[in-house]
$ cat entry_37.tsv   # TSV, C-alpha atoms
chain	number	residue	atom	x	y	z
A	209	MET	CA	-105.48	4.66	-157.40
A	210	ASP	CA	-108.82	4.64	-159.25
A	211	LYS	CA	-110.79	7.72	-160.33
A	212	LYS	CA	-113.07	7.57	-157.27
A	213	GLN	CA	-110.12	7.72	-154.91
A	214	ILE	CA	-108.55	10.56	-156.93
A	215	ARG	CA	-111.78	12.59	-156.71
A	216	LYS	CA	-111.96	11.94	-152.98
A	217	TRP	CA	-108.34	12.99	-152.52
A	218	ARG	CA	-108.90	16.21	-154.50
A	219	HIS	CA	-112.03	16.94	-152.47
A	220	GLU	CA	-110.19	16.49	-149.17
A	221	LEU	CA	-106.97	18.22	-150.25
A	222	PRO	CA	-108.02	21.69	-148.95
A	223	LEU	CA	-108.64	20.16	-145.52
A	224	TYR	CA	-105.15	18.68	-145.43
A	225	VAL	CA	-103.70	22.01	-146.54
A	226	MET	CA	-105.53	23.72	-143.68
A	227	LEU	CA	-103.83	21.32	-141.26
A	228	ILE	CA	-100.33	22.34	-142.34
A	229	PRO	CA	-100.02	25.56	-140.21
A	230	PRO	CA	-101.19	23.96	-136.91
A	231	VAL	CA	-99.00	20.90	-137.52
A	232	ILE	CA	-95.98	23.17	-138.07
A	233	ILE	CA	-96.80	25.12	-134.90
A	234	ILE	CA	-97.07	21.89	-132.88
A	235	LEU	CA	-93.77	20.64	-134.26
A	236	ILE	CA	-92.02	23.90	-133.40
A	237	TYR	CA	-93.49	24.60	-129.97
A	238	SER	CA	-94.37	21.13	-128.66
A	239	TYR	CA	-91.97	18.61	-130.20
A	240	GLY	CA	-89.01	20.85	-130.96
A	241	PRO	CA	-88.36	21.81	-127.31
A	242	MET	CA	-88.22	18.10	-126.39
A	243	VAL	CA	-84.64	18.15	-127.67
A	244	GLY	CA	-83.87	20.13	-124.52
A	245	ASN	CA	-84.57	17.06	-122.39
A	246	VAL	CA	-80.95	16.11	-122.97
A	247	ILE	CA	-80.16	18.69	-120.27
A	248	ALA	CA	-81.39	16.14	-117.70
A	249	LEU	CA	-78.33	14.04	-118.54
A	250	GLN	CA	-75.85	16.91	-118.49
A	251	LYS	CA	-74.14	19.34	-116.17
A	252	PHE	CA	-75.66	22.04	-118.30
A	253	LEU	CA	-73.88	25.36	-118.75
A	254	PRO	CA	-75.72	27.91	-120.94
A	255	GLY	CA	-72.43	29.18	-122.37
A	256	LYS	CA	-71.56	25.72	-123.72
A	257	GLY	CA	-75.03	24.94	-125.05
A	258	LEU	CA	-76.87	21.64	-125.39
A	259	PHE	CA	-74.10	19.76	-127.17
A	260	GLY	CA	-71.11	21.27	-125.41
A	261	SER	CA	-72.08	20.66	-121.79
A	262	GLU	CA	-70.59	17.78	-119.82
A	263	PHE	CA	-72.54	14.50	-119.98
A	264	ILE	CA	-73.09	13.09	-116.47
A	265	GLY	CA	-75.64	10.32	-117.10
A	266	LEU	CA	-78.24	9.78	-114.39
A	267	GLU	CA	-76.51	11.92	-111.75
A	268	ASN	CA	-79.26	14.58	-111.90
A	269	PHE	CA	-81.89	11.94	-111.21
A	270	ARG	CA	-79.91	10.62	-108.24
A	271	TYR	CA	-79.65	14.19	-106.95
A	272	ILE	CA	-83.39	14.86	-107.03
A	273	PHE	CA	-84.20	11.58	-105.25
A	274	ARG	CA	-81.79	12.59	-102.48
A	275	MET	CA	-83.49	15.97	-101.99
A	276	PRO	CA	-85.10	16.08	-98.52
A	277	ASN	CA	-88.35	17.69	-99.68
A	278	ILE	CA	-88.95	15.83	-102.94
A	279	TRP	CA	-91.50	13.35	-101.58
A	280	SER	CA	-93.49	16.03	-99.74
A	281	VAL	CA	-93.63	17.98	-103.02
A	282	VAL	CA	-94.85	14.88	-104.89
A	283	TYR	CA	-97.46	14.27	-102.18
A	284	ASN	CA	-98.66	17.89	-102.33
A	285	THR	CA	-98.94	17.68	-106.11
A	286	ILE	CA	-100.96	14.46	-106.13
A	287	PHE	CA	-103.13	15.51	-103.16
A	288	ILE	CA	-104.08	18.88	-104.67
A	289	ALA	CA	-104.55	17.41	-108.17
A	290	ILE	CA	-106.84	14.60	-106.98
A	291	MET	CA	-108.95	17.02	-104.94
A	292	LYS	CA	-109.23	19.28	-107.99
A	293	MET	CA	-110.25	16.33	-110.18
A	294	ALA	CA	-112.93	15.19	-107.72
A	295	ALA	CA	-114.36	18.66	-107.10
A	296	GLY	CA	-114.00	19.54	-110.78
A	297	LEU	CA	-116.22	16.57	-111.63
A	298	ILE	CA	-118.82	16.72	-108.85
A	299	VAL	CA	-119.52	20.48	-108.93
A	300	PRO	CA	-120.04	20.92	-112.71
A	301	VAL	CA	-122.20	17.78	-112.97
A	302	THR	CA	-124.34	18.90	-110.01
A	303	VAL	CA	-124.76	22.44	-111.36
A	304	ALA	CA	-125.55	21.11	-114.85
A	305	LEU	CA	-128.24	18.81	-113.42
A	306	LEU	CA	-129.75	21.69	-111.46
A	307	LEU	CA	-129.70	24.08	-114.42
A	308	ASN	CA	-131.22	21.39	-116.61
A	309	GLU	CA	-134.31	21.52	-114.39
A	310	VAL	CA	-134.72	25.29	-114.86
A	311	LEU	CA	-137.53	26.10	-117.28
A	312	ASN	CA	-136.94	29.87	-117.49
A	313	THR	CA	-134.58	30.15	-120.46
A	314	ALA	CA	-133.51	33.74	-119.74
A	315	PHE	CA	-132.59	32.93	-116.13
A	316	LYS	CA	-130.78	29.78	-117.21
A	317	ARG	CA	-128.65	31.60	-119.79
A	318	THR	CA	-127.88	34.41	-117.35
A	319	VAL	CA	-126.60	31.95	-114.75
A	320	GLN	CA	-124.52	30.14	-117.37
A	321	THR	CA	-122.90	33.42	-118.43
A	322	ILE	CA	-122.15	34.51	-114.86
A	323	ILE	CA	-120.53	31.23	-113.80
A	324	TYR	CA	-118.60	31.01	-117.08
A	325	LEU	CA	-117.01	34.48	-116.87
A	326	PRO	CA	-114.18	33.61	-114.41
A	327	TYR	CA	-112.93	30.96	-116.85
A	328	PHE	CA	-111.77	33.71	-119.23
A	329	LEU	CA	-109.67	35.52	-116.61
A	330	SER	CA	-106.02	34.61	-116.16
A	331	TRP	CA	-104.66	33.58	-112.78
A	332	VAL	CA	-102.53	36.72	-112.73
A	333	ILE	CA	-105.71	38.82	-112.58
A	334	LEU	CA	-107.61	36.47	-110.30
A	335	ALA	CA	-104.64	36.14	-107.93
A	336	GLY	CA	-104.65	39.89	-107.32
A	337	ILE	CA	-108.39	39.77	-106.59
A	338	LEU	CA	-108.14	36.71	-104.33
A	339	ILE	CA	-105.17	38.07	-102.37
A	340	ASP	CA	-107.28	41.15	-101.54
A	341	ILE	CA	-110.53	39.39	-100.62
A	342	LEU	CA	-108.88	36.47	-98.75
A	343	SER	CA	-106.40	38.57	-96.74
A	344	PRO	CA	-106.90	38.85	-92.94
A	345	SER	CA	-108.56	42.23	-93.50
A	346	GLY	CA	-110.35	41.21	-96.70
A	347	VAL	CA	-114.05	40.93	-97.45
A	348	VAL	CA	-114.29	37.22	-96.64
A	349	ASN	CA	-112.76	37.61	-93.18
A	350	GLN	CA	-114.91	40.65	-92.49
A	351	LEU	CA	-118.01	38.58	-93.24
A	352	LEU	CA	-116.70	35.77	-91.02
A	353	GLY	CA	-116.12	38.31	-88.26
A	354	TYR	CA	-119.73	39.50	-88.47
A	355	MET	CA	-120.80	35.87	-87.97
A	356	GLY	CA	-118.54	35.48	-84.95
A	357	ILE	CA	-115.99	33.30	-86.74
A	358	GLN	CA	-112.30	33.90	-86.13
A	359	SER	CA	-110.30	35.56	-88.92
A	360	THR	CA	-108.29	33.12	-91.09
A	361	PHE	CA	-105.23	33.78	-93.24
A	362	PHE	CA	-106.36	31.59	-96.15
A	363	LEU	CA	-103.21	32.13	-98.24
A	364	GLY	CA	-100.77	32.07	-95.32
A	365	ASP	CA	-101.97	29.11	-93.27
A	366	ALA	CA	-100.25	25.92	-94.48
A	367	THR	CA	-103.13	23.74	-93.23
A	368	ILE	CA	-105.83	25.63	-95.10
A	369	PHE	CA	-103.89	26.63	-98.22
A	370	PRO	CA	-104.41	23.40	-100.29
A	371	TYR	CA	-108.18	23.57	-99.76
A	372	THR	CA	-108.19	27.27	-100.66
A	373	ILE	CA	-106.42	26.36	-103.89
A	374	VAL	CA	-109.03	23.70	-104.71
A	375	VAL	CA	-112.03	25.93	-103.94
A	376	THR	CA	-110.71	28.86	-105.99
A	377	ASP	CA	-109.81	26.55	-108.89
A	378	VAL	CA	-113.31	25.06	-108.93
A	379	TRP	CA	-114.84	28.56	-108.77
A	380	LYS	CA	-112.83	29.58	-111.83
A	381	ASN	CA	-113.35	26.50	-113.98
A	382	PHE	CA	-116.66	24.85	-113.08
A	383	GLY	CA	-118.60	27.07	-115.50
A	384	PHE	CA	-116.75	25.52	-118.44
A	385	GLY	CA	-117.46	21.99	-117.23
A	386	THR	CA	-121.10	22.86	-116.60
A	387	ILE	CA	-121.61	23.91	-120.22
A	388	ILE	CA	-120.00	20.67	-121.45
A	389	TYR	CA	-122.34	18.55	-119.32
A	390	LEU	CA	-125.36	20.66	-120.28
A	391	ALA	CA	-124.54	19.96	-123.92
A	392	ALA	CA	-124.30	16.25	-123.11
A	393	LEU	CA	-127.71	16.39	-121.41
A	394	THR	CA	-129.34	17.66	-124.60
A	395	SER	CA	-128.39	14.42	-126.37
A	396	ILE	CA	-130.57	12.29	-124.07
A	397	ASP	CA	-133.77	11.09	-125.72
A	398	PRO	CA	-136.81	12.83	-124.10
A	399	ASN	CA	-138.86	9.69	-124.75
A	400	LEU	CA	-136.88	7.95	-122.01
A	401	TYR	CA	-138.21	10.44	-119.45
A	402	GLU	CA	-141.75	10.01	-120.73
A	403	ALA	CA	-141.45	6.25	-120.37
A	404	ALA	CA	-140.07	6.72	-116.85
A	405	LEU	CA	-143.03	8.92	-115.92
A	406	ILE	CA	-145.41	6.25	-117.16
A	407	ASP	CA	-143.60	3.82	-114.84
A	408	SER	CA	-144.12	6.30	-111.95
A	409	ALA	CA	-140.42	7.14	-111.60
A	410	ASN	CA	-139.71	10.27	-109.55
A	411	ARG	CA	-137.13	12.92	-110.44
A	412	TRP	CA	-134.35	11.25	-108.45
A	413	GLN	CA	-135.01	7.89	-110.11
A	414	GLN	CA	-135.03	9.54	-113.55
A	415	THR	CA	-131.73	11.26	-112.77
A	416	TRP	CA	-130.09	8.10	-111.46
A	417	ASN	CA	-131.32	5.74	-114.18
A	418	ILE	CA	-131.51	8.00	-117.25
A	419	THR	CA	-129.64	11.28	-116.85
A	420	LEU	CA	-126.41	10.07	-115.27
A	421	PRO	CA	-126.02	7.05	-117.60
A	422	GLY	CA	-126.80	9.38	-120.51
A	423	ILE	CA	-123.82	11.63	-119.75
A	424	SER	CA	-121.52	8.85	-118.52
A	425	THR	CA	-119.51	8.85	-121.76
A	426	THR	CA	-118.77	12.56	-121.39
A	427	VAL	CA	-117.89	12.10	-117.72
A	428	ILE	CA	-115.45	9.30	-118.58
A	429	LEU	CA	-113.90	11.42	-121.33
A	430	MET	CA	-113.33	14.32	-118.91
A	431	ILE	CA	-111.85	11.99	-116.28
A	432	VAL	CA	-109.44	10.41	-118.78
A	433	LEU	CA	-108.32	13.81	-120.05
A	434	SER	CA	-107.88	15.16	-116.52
A	435	THR	CA	-105.66	12.26	-115.44
A	436	GLY	CA	-103.01	13.56	-117.82
A	437	ASN	CA	-102.82	16.66	-115.61
A	438	ILE	CA	-102.71	14.80	-112.31
A	439	LEU	CA	-99.11	15.91	-111.73
A	440	ASN	CA	-99.73	19.52	-112.77
A	441	ALA	CA	-102.00	20.71	-109.94
A	442	GLY	CA	-102.09	24.18	-111.49
A	443	PHE	CA	-98.73	25.95	-111.69
A	444	GLU	CA	-100.11	29.38	-112.67
A	445	GLN	CA	-102.60	29.40	-109.82
A	446	ILE	CA	-100.24	28.23	-107.07
A	447	PHE	CA	-97.29	30.30	-108.31
A	448	ASN	CA	-99.37	33.48	-108.08
A	449	LEU	CA	-100.91	32.66	-104.69
A	450	TYR	CA	-98.32	30.81	-102.61
A	451	GLY	CA	-95.37	31.97	-100.53
A	452	PRO	CA	-92.69	30.59	-98.19
A	453	LEU	CA	-95.23	30.25	-95.36
A	454	VAL	CA	-97.10	27.52	-97.24
A	455	TYR	CA	-94.26	25.68	-99.00
A	456	SER	CA	-94.81	22.66	-96.75
A	457	THR	CA	-98.31	21.99	-98.16
A	458	GLY	CA	-98.49	24.17	-101.26
A	459	ASP	CA	-95.22	23.51	-103.07
A	460	ILE	CA	-95.80	21.28	-106.12
A	461	ILE	CA	-93.54	19.77	-108.76
A	462	ASP	CA	-93.91	22.65	-111.23
A	463	THR	CA	-93.15	25.34	-108.66
A	464	LEU	CA	-90.16	23.31	-107.46
A	465	VAL	CA	-88.90	23.05	-111.05
A	466	TYR	CA	-89.33	26.81	-111.46
A	467	ARG	CA	-87.33	27.62	-108.34
A	468	MET	CA	-84.61	25.09	-109.19
A	469	GLY	CA	-84.25	26.11	-112.83
A	470	ILE	CA	-84.98	29.84	-112.82
A	471	ASP	CA	-84.08	30.99	-109.31
A	472	ASN	CA	-81.21	28.60	-108.49
A	473	TYR	CA	-79.89	27.92	-112.02
A	474	GLN	CA	-80.01	24.13	-111.47
A	475	TYR	CA	-80.97	23.42	-115.06
A	476	GLY	CA	-80.08	19.71	-115.10
A	477	PRO	CA	-82.01	18.64	-111.97
A	478	ALA	CA	-84.98	20.84	-112.94
A	479	THR	CA	-85.16	19.19	-116.38
A	480	ALA	CA	-84.87	15.75	-114.77
A	481	VAL	CA	-87.85	16.49	-112.50
A	482	GLY	CA	-89.86	17.74	-115.48
A	483	MET	CA	-89.01	14.62	-117.51
A	484	MET	CA	-90.11	12.29	-114.73
A	485	LYS	CA	-93.33	14.22	-114.26
A	486	SER	CA	-94.17	13.99	-117.97
A	487	LEU	CA	-93.41	10.26	-118.03
A	488	VAL	CA	-95.64	9.56	-115.02
A	489	ALA	CA	-98.43	11.71	-116.49
A	490	LEU	CA	-98.23	9.71	-119.74
A	491	ILE	CA	-98.51	6.46	-117.78
A	492	PHE	CA	-101.50	7.80	-115.83
A	493	ILE	CA	-103.45	8.82	-118.92
A	494	ALA	CA	-102.64	5.56	-120.76
A	495	VAL	CA	-103.76	3.45	-117.79
A	496	SER	CA	-106.94	5.48	-117.23
A	497	ASN	CA	-107.82	5.18	-120.92
A	498	LYS	CA	-107.34	1.41	-120.73
A	499	VAL	CA	-109.46	1.16	-117.57
A	500	ALA	CA	-112.20	3.28	-119.14
A	501	HIS	CA	-112.24	0.95	-122.15
A	502	LYS	CA	-112.43	-2.14	-119.94
A	503	VAL	CA	-115.09	-0.79	-117.55
A	504	ALA	CA	-117.27	1.33	-119.82
A	505	GLY	CA	-116.26	0.26	-123.33
A	506	TYR	CA	-115.08	3.80	-124.12
A	507	ARG	CA	-111.65	5.05	-125.10
A	508	VAL	CA	-110.16	8.35	-126.22
A	509	PHE	CA	-107.47	6.78	-128.42

$ encode --input "entry_37.tsv" --output "structure tokens"
Amino acid sequence: MDKKQIRKWRHELPLYVMLIPPVIIILIYSYGPMVGNVIALQKFLPGKGLFGSEFIGLENFRYIFRMPNIWSVVYNTIFIAIMKMAAGLIVPVTVALLLNEVLNTAFKRTVQTIIYLPYFLSWVILAGILIDILSPSGVVNQLLGYMGIQSTFFLGDATIFPYTIVVTDVWKNFGFGTIIYLAALTSIDPNLYEAALIDSANRWQQTWNITLPGISTTVILMIVLSTGNILNAGFEQIFNLYGPLVYSTGDIIDTLVYRMGIDNYQYGPATAVGMMKSLVALIFIAVSNKVAHKVAGYRVF
């Protein structure tokens, strides 16, 4: 190692030292618990612990594939997650494009703050609010009644429940996405718009040929990152809003795992379901990253 490399190493040493605490935290809370995946291969008994419980191989996996509702749960998870991904992309991009056209800075910042506020609230708080306003006697149904529309039990009707979940999720999170896309819009060269004006391009043509291609990298990044959560579908949200009336369309993999592991003490099958979900999610994000690299020449890793 020459003197130049030594000086560089000494200069960067404080940065590596700063990384030690977060790396330790990740090892403890993210990688350490992965040892518990061995429960998926055991008839786990808490009293005997991880290494004392009976090893039963793939029996837990056979059990979950024989469950009568497993495929409906998988379908619900994928259906809700894909709808969330689509709406979570379209709404923030649309709002960002609209706000980008606003010239009044004070109004623009006020709107950004208002739509961003729900993002900071937990689903425990929002669930209490939504249960009140979406109940048959809530504000939303009162307004529908004034317009001559029949009252709807949004959180108790199995047909409507998945769409209610998607709409409320978008309402909570689209402010965060909007700010990301607004930041991406600032990186577009203004000279491109001036050249488009000289060529007599209207606003729609400028948006289609300059704005959207300009933020395409950010859009691809968000899509790739979201595919890793395609089998999540939002446990905290659904767990706080659903009930037995909507299990047929609202029960997802994470809520099933919770009921199996916490309510019914089926630790082995619950761990097996969680392992399979994580494996499929890893495959999804790896494939989407590869496709993004092939199609758009962009990759996250």

$ closest_residue --input "entry_37.tsv" --among "A:Tyr466, A:Tyr401, A:Phe382, A:Trp331" --to "Met293 in chain A" --atoms "only C-alpha atoms"
A:Phe382

$ residues_around --input "entry_37.tsv" --residues "Ile322 in chain A" --least-positions-apart "3" --cutoff "12 Å" --atoms "only C-alpha atoms" --output "list in words"
Phe315, Lys316, Arg317, Thr318, Val319, Leu325, Pro326, Tyr327, Phe328, Trp379, Lys380, Asn381, Phe382, Gly383, Phe384, Thr386 and Ile387 of chain A

$ closest_atom_pairs --input "entry_37.tsv" --of "range 356-383 of chain A" --to "range 276-292 of chain A" --cutoff "8 Å" --atoms "all atoms listed in the file" --output "tab-separated table"
residue	atom	partner	partner_atom	distance
A:Pro370	CA	A:Ile288	CA	6.3
A:Tyr371	CA	A:Ile288	CA	7.9
A:Ile373	CA	A:Ile288	CA	7.9
A:Val374	CA	A:Lys292	CA	5.5
A:Asp377	CA	A:Lys292	CA	7.3
A:Val378	CA	A:Lys292	CA	7.1

$ closest_residue --input "entry_37.tsv" --among "A:Val432, A:Ala366, A:Leu405, A:Ile470" --to "Gly451 in chain A" --atoms "only C-alpha atoms"
A:Ala366

$ residues_near_point --input "entry_37.tsv" --point "(-112.8, 15.7, -125.5)" --cutoff "12 Å" --atoms "all atoms listed in the file" --output "count of residues only"
17

$ atom_distance --input "entry_37.tsv" --atom1 "CA of Thr376 in chain A" --atom2 "CA of Leu342 in chain A"
10.7 Å

$ closest_residue --input "entry_37.tsv" --among "A:Val347, A:Leu223, A:Ile232, A:Val301" --to "Thr415 in chain A" --atoms "only C-alpha atoms"
A:Val301

$ atom_distance --input "entry_37.tsv" --atom1 "CA of Ile423 in chain A" --atom2 "CA of Leu393 in chain A"
6.4 Å

$ residues_around --input "entry_37.tsv" --residues "Asn399 in chain A" --least-positions-apart "5" --cutoff "12 Å" --atoms "only C-alpha atoms" --output "tab-separated table (two decimals) with C-alpha atoms, keeping the file's coordinate frame"
chain	number	residue	atom	x	y	z
A	404	ALA	CA	-140.07	6.72	-116.85
A	405	LEU	CA	-143.03	8.92	-115.92
A	406	ILE	CA	-145.41	6.25	-117.16
A	414	GLN	CA	-135.03	9.54	-113.55
A	418	ILE	CA	-131.51	8.00	-117.25

$ residues_around --input "entry_37.tsv" --residues "Leu258 in chain A" --least-positions-apart "5" --cutoff "8 Å" --atoms "all atoms listed in the file" --output "short mmCIF file (atom, residue, chain, number, x, y, z; two decimals) with C-alpha atoms, keeping the file's coordinate frame"
data_model
loop_
_atom_site.label_atom_id
_atom_site.label_comp_id
_atom_site.auth_asym_id
_atom_site.auth_seq_id
_atom_site.Cartn_x
_atom_site.Cartn_y
_atom_site.Cartn_z
CA GLY A 244 -83.87 20.13 -124.52
CA VAL A 246 -80.95 16.11 -122.97
CA ILE A 247 -80.16 18.69 -120.27
CA PHE A 252 -75.66 22.04 -118.30
#

$ atom_distance --input "entry_37.tsv" --atom1 "CA of Asp471 in chain A" --atom2 "CA of Gly257 in chain A"
19.1 Å

$ closest_residue --input "entry_37.tsv" --among "A:Ala391, A:Leu453, A:Val488, A:Val299" --to "Phe361 in chain A" --atoms "all atoms listed in the file"
A:Leu453

$ closest_residue --input "entry_37.tsv" --among "A:Ala403, A:Val495, A:Leu266, A:Val481" --to "Asn417 in chain A" --atoms "all atoms listed in the file"
A:Ala403

$ residues_around --input "entry_37.tsv" --residues "Ser261 in chain A" --least-positions-apart "6" --cutoff "9 Å" --atoms "only C-alpha atoms" --output "list in words"
Ile247, Gln250, Lys251, Phe252, Leu253, Pro254 and Gly255 of chain A

$ write_last_selection --input "entry_37.tsv" --atoms "C-alpha atoms" --output "PDB file, in the coordinates of the input"
ATOM      1  CA  ILE A 247     -80.160  18.690-120.270  1.00  0.00           C
ATOM      2  CA  GLN A 250     -75.850  16.910-118.490  1.00  0.00           C
ATOM      3  CA  LYS A 251     -74.140  19.340-116.170  1.00  0.00           C
ATOM      4  CA  PHE A 252     -75.660  22.040-118.300  1.00  0.00           C
ATOM      5  CA  LEU A 253     -73.880  25.360-118.750  1.00  0.00           C
ATOM      6  CA  PRO A 254     -75.720  27.910-120.940  1.00  0.00           C
ATOM      7  CA  GLY A 255     -72.430  29.180-122.370  1.00  0.00           C
TER       8      GLY A 255
END

$ axis_aligned_box --input "entry_37.tsv" --around "range 417-431 of chain A" --padding-each-side "6 Å" --output "JSON"
{"center_x": -121.7, "center_y": 10.0, "center_z": -118.0, "size_x": 31.7, "size_y": 20.6, "size_z": 19.6}

$ closest_residue --input "entry_37.tsv" --among "A:Tyr475, A:Phe369, A:Trp412, A:Phe443" --to "Leu306 in chain A" --atoms "all atoms listed in the file"
A:Trp412
